[in-house]
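Source file: my_file.tsv. Holds: TSV, C-alpha atoms.
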```tsv
chain	number	residue	atom	x	y	z
J	30	MET	CA	0.00	0.00	0.00
J	31	LEU	CA	1.24	3.46	-0.88
J	32	LEU	CA	1.88	5.78	2.08
J	33	VAL	CA	0.90	9.00	0.34
J	34	LEU	CA	1.93	12.52	1.38
J	35	THR	CA	0.82	15.82	-0.09
J	36	PRO	CA	3.45	17.73	-2.09
J	37	GLY	CA	3.79	20.22	0.78
J	38	GLU	CA	4.32	17.43	3.32
J	39	ALA	CA	6.91	15.80	1.09
J	40	LEU	CA	8.85	19.07	0.71
J	41	GLY	CA	8.72	19.65	4.46
J	42	LEU	CA	10.10	16.18	5.11
J	43	ILE	CA	12.96	16.73	2.67
J	44	LYS	CA	13.91	19.95	4.41
J	45	GLU	CA	13.75	18.27	7.81
J	46	LYS	CA	15.68	15.11	6.99
J	47	PHE	CA	18.57	16.26	4.82
J	48	HIS	CA	21.42	18.57	5.72
J	49	PRO	CA	24.29	20.38	3.98
J	50	LEU	CA	27.36	18.44	2.96
J	51	LYS	CA	30.45	19.20	4.99
J	52	ARG	CA	32.94	18.87	2.15
J	53	ARG	CA	34.54	22.11	0.96
J	54	GLU	CA	36.95	23.14	-1.75
J	55	GLN	CA	38.65	26.31	-2.92
J	56	VAL	CA	37.94	27.51	-6.45
J	57	SER	CA	39.13	30.53	-8.37
J	58	LEU	CA	36.64	33.23	-9.33
J	59	ALA	CA	37.06	32.23	-12.97
J	60	HIS	CA	35.43	28.87	-12.12
J	61	ALA	CA	33.11	29.92	-9.29
J	62	VAL	CA	29.93	30.87	-11.15
J	63	GLY	CA	27.12	28.48	-10.26
J	64	ARG	CA	28.96	27.18	-7.20
J	65	VAL	CA	27.50	27.41	-3.69
J	66	LEU	CA	29.37	29.35	-1.01
J	67	ALA	CA	30.49	27.32	1.99
J	68	GLU	CA	30.93	30.35	4.22
J	69	ASP	CA	29.89	33.97	4.53
J	70	ILE	CA	31.91	36.43	2.49
J	71	THR	CA	32.74	39.32	4.82
J	72	ALA	CA	34.39	42.48	3.58
J	73	SER	CA	37.76	43.46	5.04
J	74	GLU	CA	38.07	46.80	3.29
J	75	TYR	CA	36.06	49.72	1.95
J	76	VAL	CA	34.56	49.59	-1.56
J	77	PRO	CA	34.99	52.08	-3.02
J	78	GLY	CA	38.11	52.95	-1.09
J	79	PHE	CA	37.64	56.70	-1.62
J	80	ASP	CA	34.90	59.25	-2.30
J	81	ARG	CA	34.38	59.26	-6.08
J	82	SER	CA	32.35	61.17	-8.64
J	83	THR	CA	29.54	59.56	-10.65
J	84	VAL	CA	29.55	62.34	-13.30
J	85	ASP	CA	31.92	64.62	-15.17
J	86	GLY	CA	31.84	67.89	-13.24
J	87	TYR	CA	33.20	69.97	-10.40
J	88	ALA	CA	33.69	68.70	-6.86
J	89	LEU	CA	32.62	71.35	-4.38
J	90	ARG	CA	31.00	72.10	-1.05
J	91	ALA	CA	27.24	72.00	-1.62
J	92	GLU	CA	26.74	74.95	0.72
J	93	ASP	CA	28.89	77.14	-1.55
J	94	CYS	CA	26.28	77.03	-4.33
J	95	PHE	CA	22.96	76.96	-2.47
J	96	GLY	CA	20.40	79.19	-4.20
J	97	CYS	CA	22.37	79.69	-7.40
J	98	SER	CA	20.68	79.86	-10.80
J	99	GLU	CA	21.43	80.63	-14.45
J	100	SER	CA	20.83	84.31	-13.77
J	101	ILE	CA	22.79	84.33	-10.49
J	102	PRO	CA	25.49	81.63	-10.71
J	103	ALA	CA	27.69	80.75	-7.78
J	104	LEU	CA	31.25	81.77	-8.60
J	105	LEU	CA	33.95	79.35	-7.43
J	106	SER	CA	37.68	79.30	-7.92
J	107	LEU	CA	39.02	76.30	-9.87
J	108	SER	CA	41.84	74.85	-7.77
J	109	ARG	CA	42.95	72.06	-10.08
J	110	SER	CA	41.84	68.99	-12.00
J	111	VAL	CA	41.99	65.38	-10.81
J	112	ALA	CA	42.76	62.68	-13.39
J	113	MET	CA	41.48	59.11	-13.27
J	114	GLY	CA	43.56	56.89	-11.01
J	115	GLU	CA	45.21	59.89	-9.39
J	116	ASP	CA	45.20	60.96	-5.74
J	117	ALA	CA	42.73	63.79	-5.09
J	118	GLY	CA	45.39	65.96	-3.46
J	119	ALA	CA	44.95	68.66	-0.87
J	120	PRO	CA	41.66	69.27	0.94
J	121	LEU	CA	39.15	71.52	-0.80
J	122	GLU	CA	38.99	75.08	0.44
J	123	THR	CA	35.84	77.17	0.86
J	124	ASP	CA	34.44	78.75	-2.35
J	125	CYS	CA	36.69	76.54	-4.47
J	126	CYS	CA	36.07	73.59	-6.78
J	127	VAL	CA	38.06	70.83	-8.44
J	128	TYR	CA	37.33	69.33	-11.86
J	129	VAL	CA	36.73	65.54	-11.72
J	130	PRO	CA	35.81	63.09	-14.47
J	131	THR	CA	33.37	60.25	-13.80
J	132	GLY	CA	34.93	57.79	-11.35
J	133	ALA	CA	37.70	60.07	-10.16
J	134	ALA	CA	38.56	60.63	-6.50
J	135	LEU	CA	37.16	63.64	-4.65
J	136	PRO	CA	39.32	65.78	-2.36
J	137	SER	CA	38.42	65.78	1.30
J	138	GLY	CA	35.99	68.57	2.13
J	139	ALA	CA	34.00	68.11	-1.10
J	140	ASN	CA	30.51	66.76	-0.47
J	141	ALA	CA	28.87	67.07	-3.90
J	142	VAL	CA	29.62	67.28	-7.62
J	143	ALA	CA	28.01	69.76	-9.99
J	144	MET	CA	27.49	68.27	-13.45
J	145	VAL	CA	29.54	69.99	-16.14
J	146	GLU	CA	26.29	70.67	-18.06
J	147	TYR	CA	25.29	73.11	-15.30
J	148	CYS	CA	28.63	74.86	-15.05
J	149	GLU	CA	30.29	77.62	-17.04
J	150	ASP	CA	34.03	78.20	-17.34
J	151	PHE	CA	34.69	81.96	-17.44
J	152	GLY	CA	38.31	81.37	-18.50
J	153	ASP	CA	40.09	82.93	-15.55
J	154	ASN	CA	39.96	79.94	-13.20
J	155	THR	CA	36.46	81.01	-12.25
J	156	ILE	CA	33.66	78.44	-12.63
J	157	GLY	CA	30.03	79.52	-12.57
J	158	ILE	CA	27.60	76.99	-11.06
J	159	THR	CA	24.12	77.53	-12.48
J	160	LYS	CA	22.24	74.79	-10.62
J	161	SER	CA	22.61	74.05	-6.93
J	162	VAL	CA	23.38	70.52	-5.69
J	163	ALA	CA	22.51	68.85	-2.43
J	164	PRO	CA	25.12	67.27	-0.14
J	165	GLY	CA	25.92	63.76	-1.44
J	166	GLU	CA	24.64	64.47	-4.94
J	167	ASN	CA	26.49	62.90	-7.90
J	168	LEU	CA	29.03	61.04	-5.80
J	169	ILE	CA	29.63	57.76	-4.00
J	170	PHE	CA	31.14	58.01	-0.55
J	171	LYS	CA	33.93	55.74	0.64
J	172	GLY	CA	32.38	52.45	1.80
J	173	ASP	CA	28.93	53.19	0.32
J	174	ASP	CA	29.06	49.79	-1.36
J	175	VAL	CA	31.03	47.69	1.11
J	176	TYR	CA	32.66	48.35	4.48
J	177	PRO	CA	34.80	46.16	6.77
J	178	GLY	CA	32.72	43.59	8.62
J	179	LYS	CA	29.77	43.69	6.23
J	180	VAL	CA	28.47	40.26	5.12
J	181	VAL	CA	28.31	40.76	1.38
J	182	LEU	CA	27.36	37.22	0.31
J	183	PRO	CA	25.95	34.62	2.72
J	184	ALA	CA	26.87	30.96	2.92
J	185	GLY	CA	24.54	28.84	0.80
J	186	ARG	CA	24.36	31.36	-2.02
J	187	MET	CA	24.73	30.08	-5.57
J	188	LEU	CA	27.16	32.49	-7.16
J	189	SER	CA	26.03	34.44	-10.21
J	190	ALA	CA	28.09	36.51	-12.62
J	191	LYS	CA	27.21	39.68	-10.70
J	192	ASP	CA	28.43	38.04	-7.48
J	193	ILE	CA	31.76	37.33	-9.17
J	194	GLY	CA	32.04	41.05	-9.90
J	195	SER	CA	31.38	41.91	-6.25
J	196	LEU	CA	34.01	39.44	-5.09
J	197	ALA	CA	36.56	40.84	-7.53
J	198	ALA	CA	35.84	44.36	-6.24
J	199	MET	CA	36.77	43.15	-2.75
J	200	GLY	CA	40.01	41.59	-3.96
J	201	LYS	CA	38.77	38.01	-3.54
J	202	THR	CA	40.37	35.73	-6.11
J	203	ASN	CA	39.42	32.39	-4.53
J	204	VAL	CA	36.35	31.32	-2.57
J	205	SER	CA	35.40	28.33	-0.44
J	206	VAL	CA	32.48	26.43	-1.96
J	207	ILE	CA	30.56	23.29	-1.12
J	208	THR	CA	31.79	20.32	-3.11
J	209	LYS	CA	29.18	19.46	-5.72
J	210	PRO	CA	26.94	16.62	-4.53
J	211	LEU	CA	27.51	13.48	-6.57
J	212	VAL	CA	24.24	11.85	-7.57
J	213	GLY	CA	24.09	8.25	-8.73
J	214	ILE	CA	21.45	7.52	-11.38
J	215	ILE	CA	20.09	4.01	-11.91
J	216	SER	CA	17.52	3.05	-14.53
J	217	THR	CA	15.49	-0.11	-14.06
J	218	GLY	CA	13.33	-2.10	-16.44
J	219	ASP	CA	13.56	-5.16	-18.66
J	220	GLU	CA	12.16	-3.10	-21.54
J	221	LEU	CA	14.98	-0.53	-21.56
J	222	VAL	CA	17.90	-0.30	-23.97
J	223	PRO	CA	20.64	2.37	-24.04
J	224	ALA	CA	19.83	5.56	-25.93
J	225	ASP	CA	22.34	4.72	-28.68
J	226	GLU	CA	20.68	1.39	-29.50
J	227	THR	CA	17.72	0.68	-31.75
J	228	PRO	CA	14.91	-0.82	-29.66
J	229	SER	CA	13.20	-4.02	-30.75
J	230	GLU	CA	9.45	-4.61	-30.51
J	231	GLY	CA	8.38	-3.98	-26.90
J	232	GLN	CA	11.57	-2.14	-25.98
J	233	VAL	CA	12.17	1.56	-25.41
J	234	ARG	CA	15.28	3.71	-25.14
J	235	ASP	CA	16.43	4.74	-21.68
J	236	ILE	CA	15.42	8.41	-21.65
J	237	ASN	CA	15.55	9.04	-17.93
J	238	SER	CA	19.24	8.42	-17.27
J	239	LEU	CA	20.47	11.22	-19.49
J	240	MET	CA	17.54	13.53	-18.72
J	241	LEU	CA	18.06	13.18	-14.96
J	242	ALA	CA	21.81	13.64	-15.31
J	243	ALA	CA	21.19	16.91	-17.16
J	244	LEU	CA	18.80	18.08	-14.45
J	245	ILE	CA	21.31	17.29	-11.71
J	246	GLU	CA	23.91	19.38	-13.54
J	247	GLN	CA	21.39	22.24	-13.79
J	248	PHE	CA	20.71	21.94	-10.07
J	249	GLY	CA	24.44	22.40	-9.42
J	250	GLY	CA	25.45	18.78	-8.80
J	251	LYS	CA	27.39	16.09	-10.63
J	252	ALA	CA	25.81	12.95	-12.03
J	253	LYS	CA	27.20	9.43	-12.24
J	254	LEU	CA	25.35	6.92	-14.40
J	255	TYR	CA	25.10	3.30	-13.24
J	256	GLY	CA	23.42	2.05	-16.39
J	257	ILE	CA	20.32	-0.08	-16.84
J	258	VAL	CA	19.46	-2.68	-14.21
J	259	ARG	CA	17.07	-5.48	-15.04
J	260	ASP	CA	14.02	-6.17	-12.86
J	261	GLU	CA	15.89	-8.40	-10.44
J	262	GLU	CA	15.83	-7.32	-6.81
J	263	ALA	CA	19.22	-8.71	-5.83
J	264	ILE	CA	21.00	-7.00	-8.74
J	265	LEU	CA	19.27	-3.67	-8.07
J	266	GLU	CA	20.22	-3.83	-4.40
J	267	GLU	CA	23.84	-4.54	-5.32
J	268	VAL	CA	23.99	-1.56	-7.71
J	269	LEU	CA	22.29	0.73	-5.20
J	270	GLU	CA	24.80	-0.31	-2.52
J	271	LYS	CA	27.62	0.61	-4.89
J	272	ALA	CA	26.01	3.97	-5.72
J	273	LEU	CA	25.48	4.86	-2.06
J	274	GLY	CA	29.09	4.01	-1.32
J	275	GLU	CA	30.29	6.40	-4.01
J	276	CYS	CA	27.64	9.14	-4.12
J	277	ASP	CA	25.76	11.61	-1.91
J	278	CYS	CA	22.34	10.79	-3.33
J	279	ALA	CA	20.78	8.09	-5.50
J	280	LEU	CA	17.98	8.25	-8.05
J	281	ILE	CA	16.33	5.01	-9.13
J	282	SER	CA	14.20	5.48	-12.21
J	283	GLY	CA	11.37	2.96	-12.51
J	284	GLY	CA	10.35	0.27	-10.05
J	285	SER	CA	8.42	2.66	-7.79
J	286	SER	CA	4.90	1.38	-8.40
J	287	VAL	CA	3.28	-1.34	-6.32
J	288	GLY	CA	3.79	-4.54	-8.27
J	289	THR	CA	5.38	-7.94	-8.12
J	290	LYS	CA	8.68	-6.76	-9.66
J	291	ASP	CA	8.80	-3.32	-8.00
J	292	ALA	CA	11.52	-3.80	-5.44
J	293	THR	CA	12.75	-0.23	-4.82
J	294	GLY	CA	10.70	0.33	-1.68
J	295	ARG	CA	11.71	-3.00	-0.16
J	296	ILE	CA	15.39	-2.40	-0.85
J	297	ILE	CA	15.30	1.06	0.73
J	298	GLU	CA	13.65	-0.33	3.85
J	299	ARG	CA	16.42	-2.91	4.18
J	300	ARG	CA	19.18	-0.35	3.70
J	301	GLY	CA	17.77	2.51	5.76
J	302	GLU	CA	14.44	4.24	6.30
J	303	LEU	CA	11.52	4.56	3.89
J	304	LEU	CA	10.22	8.11	4.41
J	305	PHE	CA	7.24	7.87	2.09
J	306	HIS	CA	5.92	5.87	-0.82
J	307	GLY	CA	3.60	8.09	-2.77
J	308	ILE	CA	2.85	11.78	-3.32
J	309	ALA	CA	-0.68	13.04	-3.94
J	310	MET	CA	0.20	14.47	-7.33
J	311	LYS	CA	-0.37	13.73	-11.00
J	312	PRO	CA	1.85	12.71	-12.64
J	313	GLY	CA	4.27	11.15	-10.16
J	314	LYS	CA	2.09	9.55	-7.49
J	315	PRO	CA	4.26	6.41	-6.91
J	316	THR	CA	7.37	8.45	-6.02
J	317	ILE	CA	9.48	7.00	-3.20
J	318	LEU	CA	11.88	8.73	-0.85
J	319	GLY	CA	14.18	7.00	1.60
J	320	VAL	CA	17.35	7.74	3.49
J	321	SER	CA	20.45	5.67	4.15
J	322	GLY	CA	23.37	7.09	6.08
J	323	GLY	CA	21.90	10.56	5.70
J	324	LYS	CA	21.82	10.18	1.90
J	325	PRO	CA	18.56	10.69	-0.04
J	326	ILE	CA	17.32	7.79	-2.18
J	327	PHE	CA	14.57	8.61	-4.65
J	328	GLY	CA	12.46	6.03	-6.40
J	329	LEU	CA	11.22	7.94	-9.43
J	330	PRO	CA	8.47	6.97	-11.87
J	331	GLY	CA	9.73	5.32	-15.01
J	332	HIS	CA	7.56	7.52	-17.23
J	333	PRO	CA	9.83	10.38	-18.39
J	334	GLY	CA	7.22	13.12	-18.00
J	335	ALA	CA	6.42	12.03	-14.44
J	336	ALA	CA	10.11	11.74	-13.56
J	337	TRP	CA	10.64	15.23	-14.95
J	338	PHE	CA	8.00	16.90	-12.77
J	339	VAL	CA	9.03	15.00	-9.63
J	340	SER	CA	12.66	15.98	-10.18
J	341	GLN	CA	11.84	19.63	-10.82
J	342	ILE	CA	10.05	19.85	-7.47
J	343	PHE	CA	11.43	17.26	-5.05
J	344	VAL	CA	14.89	16.28	-6.31
J	345	ARG	CA	15.63	19.99	-6.65
J	346	ALA	CA	14.57	20.45	-2.99
J	347	ALA	CA	16.90	17.64	-1.89
J	348	MET	CA	19.79	19.24	-3.77
J	349	ASP	CA	19.04	22.54	-2.02
J	350	ALA	CA	19.21	20.71	1.32
J	351	LEU	CA	22.56	19.11	0.47
J	352	PHE	CA	23.93	22.51	-0.54
J	353	GLY	CA	22.46	24.30	2.47
J	354	ARG	CA	20.80	26.81	0.19
J	355	GLU	CA	17.23	28.03	-0.09
J	356	SER	CA	15.87	28.85	-3.50
J	357	ARG	CA	12.57	29.34	-5.17
J	358	PRO	CA	11.52	29.16	-8.80
J	359	LEU	CA	10.76	32.32	-10.68
J	360	THR	CA	7.08	32.54	-11.58
J	361	LEU	CA	5.00	34.50	-14.05
J	362	ARG	CA	1.28	35.29	-14.06
J	363	ALA	CA	-0.37	34.34	-17.33
J	364	ILE	CA	-3.85	33.90	-18.80
J	365	LEU	CA	-4.77	30.31	-19.60
J	366	THR	CA	-5.88	29.93	-23.22
J	367	GLU	CA	-7.65	26.57	-22.81
J	368	SER	CA	-9.58	24.86	-20.04
J	369	VAL	CA	-7.85	22.08	-18.13
J	370	SER	CA	-9.89	19.59	-16.12
J	371	ALA	CA	-8.74	17.96	-12.89
J	372	ASN	CA	-10.70	15.80	-10.49
J	373	HIS	CA	-8.28	13.24	-9.13
J	374	GLY	CA	-7.93	14.23	-5.49
J	375	ARG	CA	-4.30	15.01	-6.29
J	376	ALA	CA	-2.34	18.13	-7.18
J	377	GLN	CA	-2.12	18.07	-10.96
J	378	TYR	CA	0.94	19.42	-12.76
J	379	GLY	CA	1.14	20.29	-16.44
J	380	GLY	CA	3.41	22.14	-18.81
J	381	ALA	CA	2.50	25.26	-20.76
J	382	SER	CA	4.00	27.40	-23.49
J	383	LEU	CA	4.04	31.18	-23.26
J	384	ALA	CA	3.13	33.89	-25.75
J	385	LEU	CA	3.16	37.66	-25.22
J	386	ARG	CA	0.32	39.58	-26.88
J	387	ASP	CA	-0.37	43.28	-26.29
J	388	GLY	CA	1.71	43.24	-23.14
J	389	ILE	CA	-0.15	40.27	-21.61
J	390	TRP	CA	1.30	36.79	-21.14
J	391	TYR	CA	-0.83	33.86	-22.29
J	392	ALA	CA	-0.19	30.23	-21.35
J	393	THR	CA	-1.26	27.38	-23.61
J	394	PRO	CA	-1.36	24.02	-21.79
J	395	ILE	CA	0.68	21.18	-23.26
J	396	ARG	CA	-1.53	18.16	-23.78
J	397	SER	CA	0.55	15.13	-22.91
J	398	LYS	CA	0.69	11.88	-20.98
J	399	SER	CA	3.29	11.00	-18.36
J	400	GLY	CA	5.00	8.50	-20.66
J	401	LEU	CA	5.71	11.10	-23.32
J	402	ILE	CA	8.75	13.38	-23.26
J	403	SER	CA	8.92	15.36	-26.52
J	404	SER	CA	6.06	17.65	-25.50
J	405	LEU	CA	8.23	19.02	-22.68
J	406	CYS	CA	10.45	20.66	-25.28
J	407	SER	CA	7.67	23.09	-26.22
J	408	ALA	CA	6.91	24.06	-22.61
J	409	ASP	CA	8.31	27.19	-21.00
J	410	GLY	CA	7.24	26.12	-17.53
J	411	PHE	CA	4.59	24.28	-15.57
J	412	PHE	CA	1.63	25.06	-13.36
J	413	CYS	CA	-0.26	23.26	-10.62
J	414	ILE	CA	-3.98	22.71	-10.18
J	415	PRO	CA	-4.64	22.16	-6.44
J	416	ARG	CA	-5.98	18.77	-5.32
J	417	ASP	CA	-9.34	20.22	-4.24
J	418	SER	CA	-10.01	21.90	-7.59
J	419	GLU	CA	-11.93	20.54	-10.57
J	420	GLY	CA	-9.66	22.37	-12.97
J	421	CYS	CA	-8.98	25.76	-14.52
J	422	ALA	CA	-11.11	27.47	-17.15
J	423	ALA	CA	-9.90	29.30	-20.22
J	424	GLY	CA	-9.33	32.91	-19.23
J	425	ASP	CA	-8.24	32.07	-15.68
J	426	GLU	CA	-5.00	33.62	-14.46
J	427	ILE	CA	-2.45	31.00	-13.43
J	428	GLU	CA	0.99	31.09	-11.88
J	429	LEU	CA	3.49	29.48	-14.23
J	430	ILE	CA	6.72	28.17	-12.74
J	431	LEU	CA	9.44	28.89	-15.26
J	432	TYR	CA	11.91	26.13	-16.10
J	433	ASN	CA	15.56	26.51	-15.07
J	434	THR	CA	15.08	29.93	-13.48
J	435	TYR	CA	15.64	29.85	-9.74
J	436	GLN	CA	16.62	32.63	-7.36
J	437	GLU	CA	17.95	32.70	-3.85
J	438	VAL	CA	15.39	33.22	-1.11
```

As structure tokens, the full file:
Amino acid sequence: MLLVLTPGEALGLIKEKFHPLKRREQVSLAHAVGRVLAEDITASEYVPGFDRSTVDGYALRAEDCFGCSESIPALLSLSRSVAMGEDAGAPLETDCCVYVPTGAALPSGANAVAMVEYCEDFGDNTIGITKSVAPGENLIFKGDDVYPGKVVLPAGRMLSAKDIGSLAAMGKTNVSVITKPLVGIISTGDELVPADETPSEGQVRDINSLMLAALIEQFGGKAKLYGIVRDEEAILEEVLEKALGECDCALISGGSSVGTKDATGRIIERRGELLFHGIAMKPGKPTILGVSGGKPIFGLPGHPGAAWFVSQIFVRAAMDALFGRESRPLTLRAILTESVSANHGRAQYGGASLALRDGIWYATPIRSKSGLISSLCSADGFFCIPRDSEGCAAGDEIELILYNTYQEV
């Protein structure tokens, strides 16, 4: 009998049972994008390290030009010019200004920059300011971005290209990251043949191995394929034992339904703890999750479409737990173009393609069965119809979860 949890209960159990890996490694910034930080990044210096201008103009004391206008400009003495990469020099005196290009250092005493467009050079080292500026206008103060002791990037963050820029600005050339979880992938079924073989009557190519491996890579991990295992319990248990000895997580594709040859659940119980056998969702109800030595073991449906949805939601959550990160998918509100029925007592998931018309997003549901995979290629994301709903009507607004677009919480 299936011990069925709701999707929310299953996600809660994953978060409760699995914890971050303790393995760490140092990587250079050039190879750090997509990696997950193992520790907080705390600044040890100021960024920027000096007050700097954000415009081409004249550094001055804001109070020296209060109330000025085109008809009554403030007249300031030009002390000097500061070039890019050059020290700002002596402190600024009252009723004086210093020319600075964008990004140049400001002399101490200056608290604003007047844009060159609102200044007039009278040719005798006298600059007329025709528009007043407020203190702090058109400049960045020392440490505005980063200051010593500030946590700039927290542990558990998956580094993006913009994060790499921030780290470079702080002088970080190497970072400590969590070693990528290694996930063993096992396909089961007497009907399966490798993807590079031509199937005979009654046989099908093994889709799930390569699809799941690609998903694991997208989730930030590394995949190790253990090939196709026939429907023999002893052989499957032997391969799973090998995978658990070498990997941080195992995915068994197929063999999760209740049937005479479906041994995944029994094997997990012998090796550790069976957490659940069934999720109240369609497709993907016979999904299994167990744990052995702290390592997640998933029994995934053999149907590619079902394995896809289960992996997008639950395997992704397990990877987050192993990384010690929290993430959420990016979503988009869209108008459903066709009605979709649902009356199964289960949360129903389906793919949809997007189209933008007159500034409004429209989602067209992908009509498919769990055993089919090619229809996923035309989907931009997926949506869920709650278990207590009879479906969604054309014209309803839905929340579409976009594929491969996750952000840190």

Report, in Å to a single decimal, how far apart CA of Gly250 (chain J) and CA of Glu302 (chain J) are. 23.7 Å

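Residues in contact with Asp85 (chain J) at up to 7 Å, not including ones fewer than 6 positions away on its chain and judged by all atoms listed in the file, are Val129, Pro130, Thr131, Met144 and Val145 of chain J.
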
Residues at most 12 Å from Tyr176 (chain J), counting only C-alpha atoms, excluding those fewer than 5 positions away in the same chain, as a PyMOL selection string? chain J and resi 71-79+170-171+181+198-199

Using all atoms listed in the file, tabulate the residues of region 121-221 of chain J lying at most 8 Å from any atom of region 42-56 of chain J, each with its closest atom pair and that distance in Å to one decimal, by chain and increasing residue number, as a Markdown table.
```
| residue | atom | partner | partner_atom | distance |
| --- | --- | --- | --- | --- |
| J:Asn203 | CA | J:Val56 | CA | 5.4 |
| J:Val204 | CA | J:Gln55 | CA | 5.5 |
| J:Ser205 | CA | J:Gln55 | CA | 4.6 |
| J:Val206 | CA | J:Glu54 | CA | 5.6 |
| J:Ile207 | CA | J:Arg53 | CA | 4.6 |
| J:Thr208 | CA | J:Arg53 | CA | 5.2 |
| J:Pro210 | CA | J:Leu50 | CA | 7.7 |
```

Return the single residue from J:Asn433, J:Gln377, J:Thr202, J:Ser404 that is closest to Arg357 (chain J), with distances computed using only C-alpha atoms. J:Asn433

From the set J:Ala335, J:Ala190, J:Leu361, J:Ala392, which residue has the shortest atom-to-atom contact distance to Tyr378 (chain J), counting only C-alpha atoms? J:Ala335

Determine the axis-aligned bounding box of all atoms of region 247-250 of chain J present in the file, pad each side by 3 Å, and express its centre and edge lengths in Å to one decimal place as JSON.
```
{"center_x": 23.1, "center_y": 20.6, "center_z": -11.3, "size_x": 10.7, "size_y": 9.6, "size_z": 11.0}
```

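Residue neighbourhood of Ser108 (chain J), excluding near-sequence residues (fewer than 3 positions): Cys125, Cys126 and Val127 of chain J, at 7 Å, using all atoms listed in the file.
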
When you look at Thr83 (chain J) with a cut-off of 8 Å (counting all atoms listed in the file), what residues show up, excluding the ones that are within fewer than 3 positions of it in the same chain? I need them as a VMD selection string. chain J and resid 131 to 132 167 to 169

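Nearest residue to Val111 (chain J), choosing from J:Pro136, J:Gly96, J:Gly63, J:Gly231 and counting all atoms listed in the file: J:Pro136.
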
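Atom pair CA of Gly319 (chain J) / CA of Gln247 (chain J): separated by 22.8 Å.
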
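Residue nearest His332 (chain J) within the list J:Asp235, J:Asp116, J:Glu226, J:Asp174: J:Asp235 [criterion: smallest interatomic distance, all atoms listed in the file].
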
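Counting only C-alpha atoms and comparing J:Pro333, J:Gly294, J:Gly41, J:Gly379, the residue that lies closest to Ile427 (chain J) is J:Gly379.
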
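Proximity to Leu280 (chain J) at 10 Å, evaluated using all atoms listed in the file and with sequence-adjacent residues fewer than 5 positions away removed, yields Val212, Gly213, Ile214, Ile215, Ser216, Ser238, Leu241, Ala242, Ala252, Leu254, Leu269, Ala272, Ile317, Leu318, Pro325, Ile326, Phe327, Gly328, Leu329, Ser340 and Val344 of chain J.
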
So how far away is CA of Gly218 (chain J) from CA of Leu265 (chain J), in Å? 10.4 Å

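The smallest atom-to-atom distance between Leu211 (chain J) and any of J:Pro183, J:Gly194, J:Gly274, J:Gly353, using all atoms listed in the file, is found for J:Gly274.
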